[in-house]
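Reading through the structure tokens given below for one structure.
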Amino acid sequence: MNSVFRNFIILIFFTAIISCTSNREENFVLTLEDNWTVISSEEIQDGINSIMNEDYHDSLAFSAKVPTTVLNALVENNVYSNIFYADNFDKIPREQFQVPWWYIKKFNLKEVKYFESFRLVFDGINYRANIFLNGTKIANADSTESPFRQFDIDISSYIEEGENMLAVEVFPPEKGDLTIGFVDWNPTPPDNNMGIWREVHLRRTGEISLEDVFVQSSVNLKTLDEAQLTISAGLYNHTDRWIHVLITGKIEDISVEQDIELEPYQHRTIYFTPDNYKQLKIMNPRLWWPNNLGDPEMYDLEIKATVSSIISDRQKIRFGIRDVSESVNEDGYKLYSINGQKLVIKGAGWVDDILLADPDEKVRAQVEYARHMNLNTLRLEGFWGRNKTLYNAADENGILLMIGWSCHWEWTEYCGRPQDDKYMSVFPADFELQTRAYNDQVLWLRNHPGVFLWVYGSDKLPLPELEIQLNEMMSSTDASRPVLVSCRGHEVGAELPQDSEISGPVGVKMRGPYDYVTPNYWYIDTNYGGAYGFNTETGPGPQVPPIESIKRMIPEDRLWPVNDLWEFHCGRNTFHTLDRYLLAFNERYGESDNAEDFAGFSQVSNYEAIRAMFEAFSINKFSSTGIIQWMYNSAWPEMYWQLFDWYLMPNGAFYGTRKACEPLHLAYNYGNEKIYLINDYNKEFQNVKAKIVIVDVDGNELFSGNILTTVKANTSLRVMEIPEIDNLTGTYFLVLDLEDPTDGKKKRNFYWLSTKEDVPDFEKTNWFYTPNKGFADFRALRTMEKATIDAQHNIKKTGDQYKVDVTLKNTSDAVAFFIELKISDSKTGETILPVFWDDNYISLLPGEEFNTSATFSTDDLKGDQPVFRFSGINL
């Protein structure tokens with residue numbers, strides 16, 4: 001063979017190799033979502049052999065989309081329907097979920113030869129599983145334990161060209177297993193959420209794969225005009241050869257690259273640091289800010305691994321540039337700052353759907369509600385989220401997330417393990433597994449700028465040896481954020497704070513309440529849950545939803561009076577009742593004689609109770625450093641702990657929270673009866689104009705005063721002490737109107753007050769609430785003169801959104817109290833949800849006019865026409 005011909009053959013050979021490899025699809029991650037089959041192991045006679053031969057009855061198999069729990073798959077297949085109506089949920093048989101269930105998925109692959117490595121990645125299995133591919137066991141149940149482990153399984157030797165079959169035999173959690181749980185928030189799901197509850201991915205790459213890419217930022221806190229980025233990436237050589245790889249990264253107009261030589265099967269982490277790559281020093285960066293402090297700006301990193309001019313792997317990472325820091329106030333309570341800006345944490349406790357089945361659009365709507373309510377934080381007691389939708393939405397909406405283990409792991413009743421007064425029930429035999437599980441979650445979430453705080457324990461501390469192990473893990477996996485060792489720093493009845501032997505004082509408190517307390521509680525309590533320090537979970541208890549939602553869960557013949565079906569839709573154990581709430585409600589607002597009246601006045605009570613809580617922590621900034629309302633949303637339709645319900649229906653507490661957390665607003669201190677101007681912005685406002693009016697229950701003006709003041713950045717300022725006023729009626733109204741310098745609009749805060757005081761009985765305080773020995777009296781609201789409202793509205797469609805503009809005018813001589821605005825479907829009459837009103841539950845003095853608006857999606861209208869409706873306490 002002559003040399004010319006030999007060189008020609010060699011050229012053809014290498015051209016063929018490059019041509020074949022270049023045909024590689026650059027879709028390196030395939031999500032295995034659709035066309036799964038779910039079937040009980042009781043219907044499978046011979047395990048994997050029956051699966052491979054499809055030796056089972058199709059009628060006993062259920063089609064499913066993964067992620068899904070077993071129960072959710074059955075609900076989606078109409079085995080069970082209307083499960084949240086009445087007590088239907090309690091009637092679902094539990095025995096069927098005490099055996100393994102199979103998840104089966106067929107998928108086709110083409111051009112397998114163009115890829116070097118294939119891996120199956122399970123983001124979450126509850127609780128353990130045997131995993132088979134094409135009949136071969138690739139992982140067994142002993143090595144796939146824990147819903148919070150993530151499993152990355154090399155299947156390169158088992159994958160086939162064409163059709164492949166994946167079969168997962170999922171075993172349910174047993175007593176003593178550390179699993180997903182809802183504590184006393186709602187019923188335990190009959191299947192204990194067994195199943196593939198997070199996504200399954202097929203990763204396919206060339207010779208080199210990219211692993212655990214991380215972008216860390218540091219910000220010049222003095223000027224905020226400079227930031228530095230550090231990019232790290234794990235590299236894995238999947239071959240038995242030395243491989244030369246080019247790693248390139250691009251962030252907008254910034255590019256970096258490194259040439260790397262990897263040994264056979266080598267794992268290695270590389271870094272792009274600002275010391276070696278000057279372009280990673282960014283001038284005038286667009287910073288990520290929490291809600292109401294600025295825009296939550298985001299960046300994208302595209303990083304590639306290229307071998308012989310062919311892309312071997314590629315990832316896109318979304319991140320934000322921001323700094324998180326932690327300090328303590330003069331009383332020793334944790335205080336957090338973002339980009340050097342102190343802030344009072346104003347948040348609430350998130351929970352996933354009881355079937356872990358919230359669709360992405362519902363998750364996004366719930367996070368958007370948080371932004372709309374002017375909250376800046378959600379606390380996740382448990383690593384929630386069936387995928388990353390929750391975390392992406394938090395990033396995009398400027399919502400901070402504090403995440404950690406649930407107290408479900410800390411009490412015998414829920415986890416089935418021995419409990420300790422101080423330490424969680426994670427024992428030495430669990431340390432390695434649970435540290436690895438926590439590490440998996442940190443790796444999964446650490447690029448999200450919204451995640452600002454990792455939390456270990458909820459109600460208790462990890463054992464000292466476990467805390468040391470977790471700290472060592474965290475120092476290597478993510479040292480860019482603070483860690484909170486426990487959310488409970490000082491318990492009611494405890495003589496001493498619950499300090500860690502390793503890290504010292506916890507710096508937060510968990511001292512209740514969890515049931516109804518009167519508005520002044522938050523101002524006058526200085527020993528328990530009141531507005532000082534960082535209260536990691538607390539709230540005024542039940543938040544009964546509007547009547548429309550109640551009728552969706554309670555049958556007509558059981559609507560009134562409050563009965564065992566109402567209690568079924570409450571919390572559990574101590575919170576399986578509305579009795580404490582009803583006692584205060586009846587004393588303060590008078591007894592209702594029907595469900596509609598009770599639901600209506602409950603919105604008044606919800607609004608009043610939650611507004612006082614959030615405002616107290618804002619007025620007392622930074623003696624108070626944080627408040628987490630317990631809870632934010634609900635896992636199912638219920639009466640407890642929710643700012644909106646499972647149907648996405650806002651309640652009075654929703655708009656009370658939105659009002660209380662406005663970044664610049666006037667607020668009434670129920671403790672000292674003074675008026676404060678709260679400024680959460682990082683800038684001073686001069687010549688702020690406000691008007692204070694007091695009217696009696698009949699609408700007669702008793703006092704009017706004007707304010708012109710300057711308020712410094714990020715502070716609260718006392719602006720008026722209300723003078724003694726003659727001729728007050730038993731119930732009267734305080735109206736605080738602010739001319740907002742940020743947009744020129746009038747912002748109103750409307751209070752109903754009583755000459756009779758609420759008197760908490762602090763001597764009888766327990767871990768969940770403080771009872772009262774005296775109550776305010778608002779029963780006069782029931783006998784107010786009727787008011788008339790002229791309501792004009794205009795509904796306009798723009799793209800995929802509707803907007804309704806509303807003008808309300810009180811044409812009577814009476815106060816129009818607590819006007820509720822709704823947009824309904826023209827055919828069903830049901831409220832269109834989610835909905836975002838600028839203001840709702842509005843009160844107007846005689847002759848007053850008020851403008852507000854709302855937006856909602858065209859998709860939620862389902863093709864029908866929107867109808868505007870309104871009602872009120874005395875209309």
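Quick note on naming: the chains in the structure tokens go A, B, ... in the order shown, residues restart at 1 in each chain, and ligands are numbered from 1 in order of appearance.
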Near-Tyr514 in chain A list (10 Å; only C-alpha atoms; drop same-chain fewer than 3 positions) as an NGL selection string: :A and (511 or 517 or 529 or 537-542 or 574-575 or 629-631 or 640-641 or 767-770)
Polymer residues at most 7 Å from Gly124 in chain A, only C-alpha atoms, same-chain spacing of 4 or more positions, as a PyMOL selection string: chain A and resi 147-150+196-199
Backbone-only DSSP, alpha helix (DSSP H) members of range 174-388 of chain A, as a VMD selection string: chain A and resid 360 to 372
Non-local contacts of Tyr299 in chain A (6 Å; only C-alpha atoms; under 3 positions in same chain excluded) as a list in words: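 Non-adjacent residues within range: Arg318, Phe319 and Gly320 of chain A.
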Nearby residues (only C-alpha atoms) at most 8 Å from range 578-589 of chain A, same-chain spacing under 5 positions excluded, as an MDAnalysis selection string: chainID A and resid 515:516 541:542 567 570 601:602 605 775:779 781:782
For the interface of range 297-385 of chain A with range 645-654 of chain A (cut-off 9 Å, counting only C-alpha atoms), please tabulate each contacting residue of range 297-385 of chain A alongside its nearest pair of atoms and their separation in Å to one decimal, rows sorted by chain and increasing number, as a tab-separated table.
residue	atom	partner	partner_atom	distance
A:Asp353	CA	A:Trp646	CA	8.1
A:Lys362	CA	A:Leu648	CA	8.3
A:Ala365	CA	A:Leu648	CA	8.3
A:Gln366	CA	A:Leu648	CA	7.5
A:Tyr369	CA	A:Phe654	CA	8.8
A:Met373	CA	A:Phe654	CA	6.8
Can you spit out the residues from that selection as a PDB file, in the first residue's frame, using N, CA and C atoms?
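Everything below was put into again-v1.pdb:
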ATOM      1  N   ASP A 353     -48.329  20.134  48.361  1.00  0.00           N
ATOM      2  CA  ASP A 353     -49.600  19.445  48.296  1.00  0.00           C
ATOM      3  C   ASP A 353     -49.517  18.104  49.018  1.00  0.00           C
ATOM      4  N   LYS A 362     -49.371  26.007  39.460  1.00  0.00           N
ATOM      5  CA  LYS A 362     -49.890  26.308  40.797  1.00  0.00           C
ATOM      6  C   LYS A 362     -48.765  26.690  41.744  1.00  0.00           C
ATOM      7  N   ALA A 365     -47.811  30.245  40.964  1.00  0.00           N
ATOM      8  CA  ALA A 365     -48.822  31.179  41.463  1.00  0.00           C
ATOM      9  C   ALA A 365     -48.677  31.399  42.964  1.00  0.00           C
ATOM     10  N   GLN A 366     -48.388  30.330  43.707  1.00  0.00           N
ATOM     11  CA  GLN A 366     -48.247  30.466  45.152  1.00  0.00           C
ATOM     12  C   GLN A 366     -47.040  31.326  45.518  1.00  0.00           C
ATOM     13  N   TYR A 369     -47.883  34.872  44.832  1.00  0.00           N
ATOM     14  CA  TYR A 369     -48.688  35.396  45.936  1.00  0.00           C
ATOM     15  C   TYR A 369     -47.790  35.966  47.042  1.00  0.00           C
ATOM     16  N   MET A 373     -47.986  39.710  48.453  1.00  0.00           N
ATOM     17  CA  MET A 373     -48.269  40.036  49.858  1.00  0.00           C
ATOM     18  C   MET A 373     -47.148  40.828  50.509  1.00  0.00           C
TER      19      MET A 373
END
Spatial neighbours of range 856-872 of chain A, max dist 6 Å, only C-alpha atoms, sep filter under 6 positions, as a ChimeraX atom specification: /A:800-802,818-826,835
Who sits within 10 Å of Ile251 in chain A, only C-alpha atoms, same chain under 5 positions skipped, as a VMD selection string: chain A and resid 256 280 299 to 303 317 to 318
Take the selection from the previous step and output its residues with N, CA and C atoms, as a PDB file, in the first residue's frame.
ATOM      1  N   VAL A 256     -14.556  32.506  29.704  1.00  0.00           N
ATOM      2  CA  VAL A 256     -13.397  31.914  30.359  1.00  0.00           C
ATOM      3  C   VAL A 256     -13.176  30.526  29.764  1.00  0.00           C
ATOM      4  N   LEU A 280     -13.740  37.979  35.610  1.00  0.00           N
ATOM      5  CA  LEU A 280     -14.739  37.591  36.612  1.00  0.00           C
ATOM      6  C   LEU A 280     -14.886  38.640  37.715  1.00  0.00           C
ATOM      7  N   TYR A 299     -28.477  35.962  36.202  1.00  0.00           N
ATOM      8  CA  TYR A 299     -27.513  35.753  35.122  1.00  0.00           C
ATOM      9  C   TYR A 299     -27.565  34.285  34.698  1.00  0.00           C
ATOM     10  N   ASP A 300     -27.027  34.019  33.504  1.00  0.00           N
ATOM     11  CA  ASP A 300     -26.935  32.654  32.999  1.00  0.00           C
ATOM     12  C   ASP A 300     -25.500  32.326  32.646  1.00  0.00           C
ATOM     13  N   LEU A 301     -25.060  31.173  33.109  1.00  0.00           N
ATOM     14  CA  LEU A 301     -23.761  30.615  32.722  1.00  0.00           C
ATOM     15  C   LEU A 301     -24.005  29.442  31.779  1.00  0.00           C
ATOM     16  N   GLU A 302     -23.361  29.462  30.615  1.00  0.00           N
ATOM     17  CA  GLU A 302     -23.327  28.278  29.759  1.00  0.00           C
ATOM     18  C   GLU A 302     -21.910  27.731  29.825  1.00  0.00           C
ATOM     19  N   ILE A 303     -21.790  26.479  30.240  1.00  0.00           N
ATOM     20  CA  ILE A 303     -20.481  25.866  30.384  1.00  0.00           C
ATOM     21  C   ILE A 303     -20.444  24.583  29.556  1.00  0.00           C
ATOM     22  N   ILE A 317     -26.525  27.113  33.788  1.00  0.00           N
ATOM     23  CA  ILE A 317     -26.731  27.387  35.211  1.00  0.00           C
ATOM     24  C   ILE A 317     -27.248  28.805  35.358  1.00  0.00           C
ATOM     25  N   ARG A 318     -28.369  28.934  36.030  1.00  0.00           N
ATOM     26  CA  ARG A 318     -28.926  30.259  36.317  1.00  0.00           C
ATOM     27  C   ARG A 318     -28.535  30.618  37.747  1.00  0.00           C
TER      28      ARG A 318
END
Spatial neighbours of range 377-385 of chain A, max dist 8 Å, only C-alpha atoms, sep filter under 4 positions, as a list of chain:residue names: A:Phe148, A:Ile180, A:Arg198, A:Ile345, A:Lys346, A:Gly347, A:Ala348, A:Gly349, A:Trp350, A:Val351, A:Asp352, A:Leu356, A:Ala370, A:Thr389, A:Leu390, A:Tyr391, A:Ile399, A:Leu400, A:Leu401, A:Met402, A:Ile403, A:Gly404, A:Trp405, A:Ser406, A:Cys407, A:Gln441, A:Ser458, A:Ile628, A:Tyr632
Range 443-665 of chain A: residues DSSP assigns to strand (DSSP E), reported as JSON, numbers by chain: {"A": [451, 452, 453, 454, 455, 456, 457, 483, 484, 485, 486, 533, 534, 535, 536, 537, 538, 624, 625, 626, 627, 628, 629, 664, 665]}
